[in-house]
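**Q** Got coords_13.tsv for you, TSV, C-alpha atoms and all ligand atoms:
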chain	number	residue	atom	x	y	z
A	1	MET	CA	-23.92	249.66	-229.29
A	2	LYS	CA	-22.91	247.59	-232.32
A	3	ASN	CA	-22.18	250.85	-234.19
A	4	ASP	CA	-19.44	251.60	-231.65
A	5	MET	CA	-17.54	248.43	-232.52
A	6	ARG	CA	-14.53	248.44	-234.82
A	7	GLU	CA	-14.43	244.65	-234.82
A	8	ILE	CA	-16.08	241.66	-233.18
A	9	LEU	CA	-13.32	239.31	-232.06
A	10	ILE	CA	-15.40	236.51	-230.51
A	11	THR	CA	-19.05	235.91	-231.35
A	12	GLU	CA	-21.82	235.00	-228.93
A	13	GLU	CA	-21.99	231.49	-230.42
A	14	GLU	CA	-18.24	230.95	-230.05
A	15	ILE	CA	-18.40	232.06	-226.41
A	16	GLN	CA	-21.33	229.79	-225.57
A	17	GLU	CA	-19.66	226.82	-227.26
A	18	LYS	CA	-16.44	227.39	-225.30
A	19	VAL	CA	-18.28	227.84	-222.00
A	20	LYS	CA	-19.94	224.44	-222.51
A	21	LEU	CA	-16.55	222.83	-223.10
A	22	LEU	CA	-14.98	224.48	-220.05
A	23	GLY	CA	-17.97	223.42	-217.94
A	24	ARG	CA	-17.55	219.79	-219.02
A	25	GLU	CA	-13.81	219.83	-218.31
A	26	ILE	CA	-14.29	221.34	-214.85
A	27	SER	CA	-17.06	218.84	-214.03
A	28	ASN	CA	-14.66	215.99	-214.80
A	29	GLU	CA	-11.76	217.53	-212.92
A	30	TYR	CA	-13.75	218.17	-209.72
A	31	ASP	CA	-16.00	215.09	-209.84
A	32	GLY	CA	-16.68	213.96	-206.23
A	33	LYS	CA	-15.51	217.31	-204.80
A	34	PHE	CA	-17.39	220.45	-203.79
A	35	PRO	CA	-15.34	223.34	-205.23
A	36	LEU	CA	-15.82	226.99	-204.32
A	37	PHE	CA	-16.16	229.13	-207.45
A	38	VAL	CA	-15.03	232.69	-206.79
A	39	GLY	CA	-16.29	235.17	-209.37
A	40	VAL	CA	-14.26	238.36	-209.61
A	41	LEU	CA	-16.66	241.30	-209.91
A	42	LYS	CA	-17.79	242.95	-211.91
A	43	GLY	CA	-16.34	241.65	-215.16
A	44	ALA	CA	-16.72	237.92	-214.46
A	45	LEU	CA	-20.49	238.12	-213.87
A	46	PRO	CA	-21.74	236.94	-217.32
A	47	PHE	CA	-19.05	234.23	-217.59
A	48	MET	CA	-19.70	232.97	-214.06
A	49	ALA	CA	-23.46	232.89	-214.65
A	50	ASP	CA	-23.10	230.92	-217.89
A	51	LEU	CA	-20.29	228.66	-216.66
A	52	ILE	CA	-21.99	227.36	-213.51
A	53	LYS	CA	-24.98	226.28	-215.60
A	54	GLN	CA	-22.65	224.06	-217.64
A	55	VAL	CA	-21.05	222.43	-214.59
A	56	ASP	CA	-22.69	219.14	-213.68
A	57	ILE	CA	-21.46	218.72	-210.08
A	58	HIS	CA	-22.27	220.53	-206.82
A	59	VAL	CA	-20.46	223.85	-206.50
A	60	GLU	CA	-20.59	226.70	-204.03
A	61	ILE	CA	-20.37	230.20	-205.42
A	62	ASP	CA	-19.16	233.45	-203.94
A	63	PHE	CA	-17.92	236.77	-205.26
A	64	MET	CA	-15.08	239.08	-204.60
A	65	ASP	CA	-14.71	242.62	-205.86
A	66	VAL	CA	-11.17	243.80	-206.35
A	67	SER	CA	-10.19	246.81	-208.32
A	68	SER	CA	-6.96	247.63	-210.12
A	69	TYR	CA	-8.19	249.74	-213.00
A	70	GLY	CA	-9.13	253.39	-213.24
A	71	LYS	CA	-11.86	254.77	-215.43
A	72	GLY	CA	-9.97	254.37	-218.70
A	73	THR	CA	-7.88	251.63	-220.27
A	74	VAL	CA	-4.68	251.76	-218.18
A	75	SER	CA	-4.12	249.72	-215.00
A	76	SER	CA	-3.17	251.63	-211.87
A	77	GLY	CA	-1.13	248.57	-210.85
A	78	GLU	CA	-2.61	248.67	-207.36
A	79	VAL	CA	-5.07	245.96	-206.25
A	80	LYS	CA	-7.68	246.83	-203.62
A	81	ILE	CA	-10.35	244.63	-202.01
A	82	VAL	CA	-13.70	246.35	-202.50
A	83	LYS	CA	-15.80	243.38	-201.35
A	84	ASP	CA	-14.41	240.28	-199.66
A	85	LEU	CA	-15.80	236.73	-199.70
A	86	ASN	CA	-18.49	235.61	-197.25
A	87	THR	CA	-17.06	232.08	-197.36
A	88	LYS	CA	-14.04	230.58	-195.60
A	89	VAL	CA	-11.55	229.20	-198.11
A	90	GLU	CA	-9.53	227.11	-195.65
A	91	GLY	CA	-9.42	223.51	-196.90
A	92	ARG	CA	-11.47	224.33	-200.02
A	93	ASP	CA	-10.77	223.66	-203.67
A	94	VAL	CA	-11.02	227.20	-205.01
A	95	VAL	CA	-11.69	227.97	-208.66
A	96	ILE	CA	-11.18	231.64	-209.48
A	97	VAL	CA	-13.44	232.71	-212.35
A	98	GLU	CA	-12.20	235.70	-214.36
A	99	ASP	CA	-13.25	237.45	-217.53
A	100	ILE	CA	-9.72	238.42	-218.55
A	101	ILE	CA	-6.12	238.10	-217.44
A	102	ASP	CA	-4.15	241.04	-218.73
A	103	SER	CA	-1.21	242.25	-216.58
A	104	GLY	CA	-1.92	239.32	-214.22
A	105	LEU	CA	-1.75	241.64	-211.19
A	106	THR	CA	-5.33	241.03	-210.03
A	107	LEU	CA	-4.99	237.29	-210.23
A	108	SER	CA	-1.55	236.94	-208.68
A	109	TYR	CA	-2.87	238.97	-205.74
A	110	LEU	CA	-5.91	236.69	-205.36
A	111	ILE	CA	-3.93	233.46	-205.71
A	112	GLU	CA	-1.54	234.55	-202.96
A	113	LEU	CA	-4.45	235.66	-200.77
A	114	PHE	CA	-6.26	232.31	-201.05
A	115	LYS	CA	-3.05	230.36	-200.41
A	116	TYR	CA	-2.44	232.50	-197.35
A	117	ARG	CA	-5.99	231.67	-196.24
A	118	LYS	CA	-5.04	227.96	-196.53
A	119	ALA	CA	-7.13	226.89	-199.53
A	120	LYS	CA	-6.56	223.22	-200.37
A	121	SER	CA	-6.08	224.11	-204.03
A	122	VAL	CA	-6.37	227.28	-206.11
A	123	LYS	CA	-7.00	227.13	-209.85
A	124	VAL	CA	-7.98	229.74	-212.39
A	125	VAL	CA	-10.43	229.69	-215.26
A	126	THR	CA	-10.60	232.77	-217.43
A	127	LEU	CA	-12.65	233.42	-220.53
A	128	LEU	CA	-9.95	235.59	-222.10
A	129	ASP	CA	-6.19	235.61	-221.81
A	130	LYS	CA	-4.06	238.51	-223.07
A	131	PRO	CA	-0.51	237.14	-222.64
A	132	GLU	CA	1.14	240.21	-224.21
A	133	GLY	CA	-0.22	242.36	-221.37
A	134	ARG	CA	1.58	240.43	-218.61
A	135	LYS	CA	3.57	242.24	-215.95
A	136	VAL	CA	3.90	239.15	-213.74
A	137	ASP	CA	4.59	235.54	-214.68
A	138	LEU	CA	1.20	233.84	-214.63
A	139	VAL	CA	-0.42	231.14	-216.77
A	140	PRO	CA	-4.12	230.32	-216.17
A	141	ASP	CA	-5.10	226.67	-215.64
A	142	ARG	CA	-7.87	227.12	-218.21
A	143	ALA	CA	-8.46	229.89	-220.73
A	144	GLY	CA	-11.25	230.14	-223.29
A	145	PHE	CA	-9.60	232.40	-225.87
A	146	ILE	CA	-6.33	234.24	-226.41
A	147	VAL	CA	-6.89	237.91	-227.32
A	148	PRO	CA	-4.42	240.34	-228.92
A	149	ASP	CA	-2.85	243.24	-227.03
A	150	GLU	CA	-5.83	245.56	-227.52
A	151	PHE	CA	-8.44	246.89	-225.12
A	152	VAL	CA	-11.45	244.59	-225.50
A	153	VAL	CA	-15.04	245.06	-224.31
A	154	GLY	CA	-18.20	243.00	-223.98
A	155	TYR	CA	-19.43	239.91	-222.10
A	156	GLY	CA	-18.54	241.54	-218.77
A	157	LEU	CA	-15.64	243.68	-219.92
A	158	ASP	CA	-16.19	247.41	-219.76
A	159	PHE	CA	-14.88	250.66	-221.05
A	160	ALA	CA	-15.78	253.36	-218.49
A	161	GLU	CA	-18.49	251.00	-217.08
A	162	ARG	CA	-20.18	250.55	-220.47
A	163	TYR	CA	-20.45	247.61	-222.90
A	164	ARG	CA	-20.47	244.90	-220.19
A	165	ASN	CA	-23.88	243.76	-221.44
A	166	LEU	CA	-22.74	242.92	-224.98
A	167	PRO	CA	-23.12	239.17	-225.61
A	168	TYR	CA	-19.87	239.13	-227.65
A	169	VAL	CA	-16.30	240.44	-227.27
A	170	GLY	CA	-14.84	243.11	-229.52
A	171	VAL	CA	-12.75	246.24	-229.94
A	172	LEU	CA	-14.25	249.73	-230.01
A	173	LYS	CA	-13.70	252.30	-232.73
A	174	PRO	CA	-10.79	254.61	-231.82
A	175	GLU	CA	-13.02	257.68	-231.64
A	176	ILE	CA	-14.96	256.11	-228.73
A	177	TYR	CA	-11.81	255.89	-226.57
A	178	GLU	CA	-10.65	259.31	-227.68
A	179	GLY	CA	-14.01	260.82	-226.71
A	180	GLU	CA	-13.31	260.05	-223.02
B	201	LIG	O1	-4.74	241.07	-215.27
B	201	LIG	P1	-5.13	242.44	-214.84
B	201	LIG	O2	-4.32	243.49	-215.59
B	201	LIG	O3	-5.11	242.65	-213.37
B	201	LIG	O4	-6.60	242.72	-215.39
B	201	LIG	C1	-7.68	241.85	-215.20
B	201	LIG	C2	-8.70	242.40	-214.28
B	201	LIG	O5	-9.09	243.72	-214.68
B	201	LIG	C3	-10.50	243.77	-214.86
B	201	LIG	O6	-11.15	244.12	-213.69
B	201	LIG	P2	-11.33	245.63	-213.19
B	201	LIG	O7	-10.36	245.88	-212.08
B	201	LIG	O8	-11.28	246.56	-214.37
B	201	LIG	O9	-12.76	245.61	-212.55
B	201	LIG	P3	-14.16	245.21	-213.23
B	201	LIG	O10	-14.16	243.71	-213.40
B	201	LIG	O11	-15.17	245.67	-212.23
B	201	LIG	O12	-14.27	245.93	-214.56
B	201	LIG	C4	-10.87	242.33	-215.21
B	201	LIG	O13	-12.22	242.07	-214.90
B	201	LIG	C5	-9.93	241.54	-214.35
B	201	LIG	O14	-10.43	241.31	-213.05
B	202	LIG	O1	-8.81	244.66	-222.41
B	202	LIG	C1	-9.48	244.91	-221.36
B	202	LIG	N1	-10.78	245.39	-221.44
B	202	LIG	C2	-11.52	245.66	-220.36
B	202	LIG	N2	-11.08	245.51	-219.11
B	202	LIG	C3	-9.82	245.05	-218.95
B	202	LIG	N3	-9.14	244.80	-217.82
B	202	LIG	C4	-7.94	244.35	-218.17
B	202	LIG	N4	-7.81	244.31	-219.51
B	202	LIG	C5	-8.99	244.73	-220.04
Give the structure from this file in structure tokens form.
**A**
Amino acid sequence: MKNDMREILITEEEIQEKVKLLGREISNEYDGKFPLFVGVLKGALPFMADLIKQVDIHVEIDFMDVSSYGKGTVSSGEVKIVKDLNTKVEGRDVVIVEDIIDSGLTLSYLIELFKYRKAKSVKVVTLLDKPEGRKVDLVPDRAGFIVPDEFVVGYGLDFAERYRNLPYVGVLKPEIYEGE
């Protein structure tokens, strides 16, 4: 898979270092509380798995699968619930765990949904933030890294369902995208 990469933007070591830091910050922020971490499938899986191991307080975890992207690199702009939570969010401190915020459409939909369901608080932690991709005004509470306005893959992020299992984040060679 490494041969398919044009460039590695964030190394495995840099990711793991940042995840430790985010875990410490969240542990301090929610000390004495029992937050509900909501991982957004499928992309947030590696980040969620690593992050919860760095959080030193009790947390409950659940997953939601929403979809706004087609097979390629362009958002359809439409958010659909593919799998809902099994947990009630009413009265809970919800922490949404994302791999990337790009247009912001997925997240703004989820934030509104959890507020409507009467969460006590809703905050967002994302590994990657791509501010140049925004279509709605949204700033995450915590973001690991800012990425440029390019389609990135790895550590959960896919291109046509591949590359999620890379331990780093990078950009593919142009011929890989063109081949699709
Ligand atoms: O800010 P946005 O433009 O809404 O993009 C971000 C969302 O898009 C990706 O998910 P996707 O819908 O591709 O599903 P996946 O996680 O299963 O790949 C990513 O994992 C985020 O959830
Ligand atoms: O840059 C990206 N890569 C993969 N999936 C994505 N979903 C939104 N932006 C991206």
**Q** When the cut-off is 8 Å and you count all atoms listed in the file, which residues lie near ligand LIG 202 (chain B), shown as JSON, numbers by chain?
**A** {"A": [43, 69, 73, 75, 100, 101, 102, 103, 130, 149, 150, 151, 152, 153, 157, 158, 159]}
**Q** Need to verify the contact set: region 14-21 of chain A, 8 Å, only C-alpha atoms, exclusion of same-chain residues closer than 6 positions in sequence. Can you return it as a PyMOL selection string?
**A** chain A and resi 47+50-51+54+144+168
**Q** Could you check how far CA of Val147 (chain A) sits from CA of Asp62 (chain A), in Å to one decimal?
**A** 26.8 Å
**Q** Skipping near chain neighbours, those fewer than 5 positions away, what residues fall within 9 Å of Met48 (chain A) using all atoms listed in the file, listed as a list of chain:residue names?
**A** A:Phe37, A:Val38, A:Gly39, A:Val40, A:Lys53, A:Val97, A:Glu98, A:Asp99
**Q** Would you mind telling me which residue in A:Gly104, A:Gly91, A:Gly170, A:Pro148 lies nearest to Ser121 (chain A) when using all atoms listed in the file?
**A**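 Going through A:Gly104, A:Gly91, A:Gly170, A:Pro148 one by one, the smallest distance to Ser121 (chain A) is for A:Gly91.
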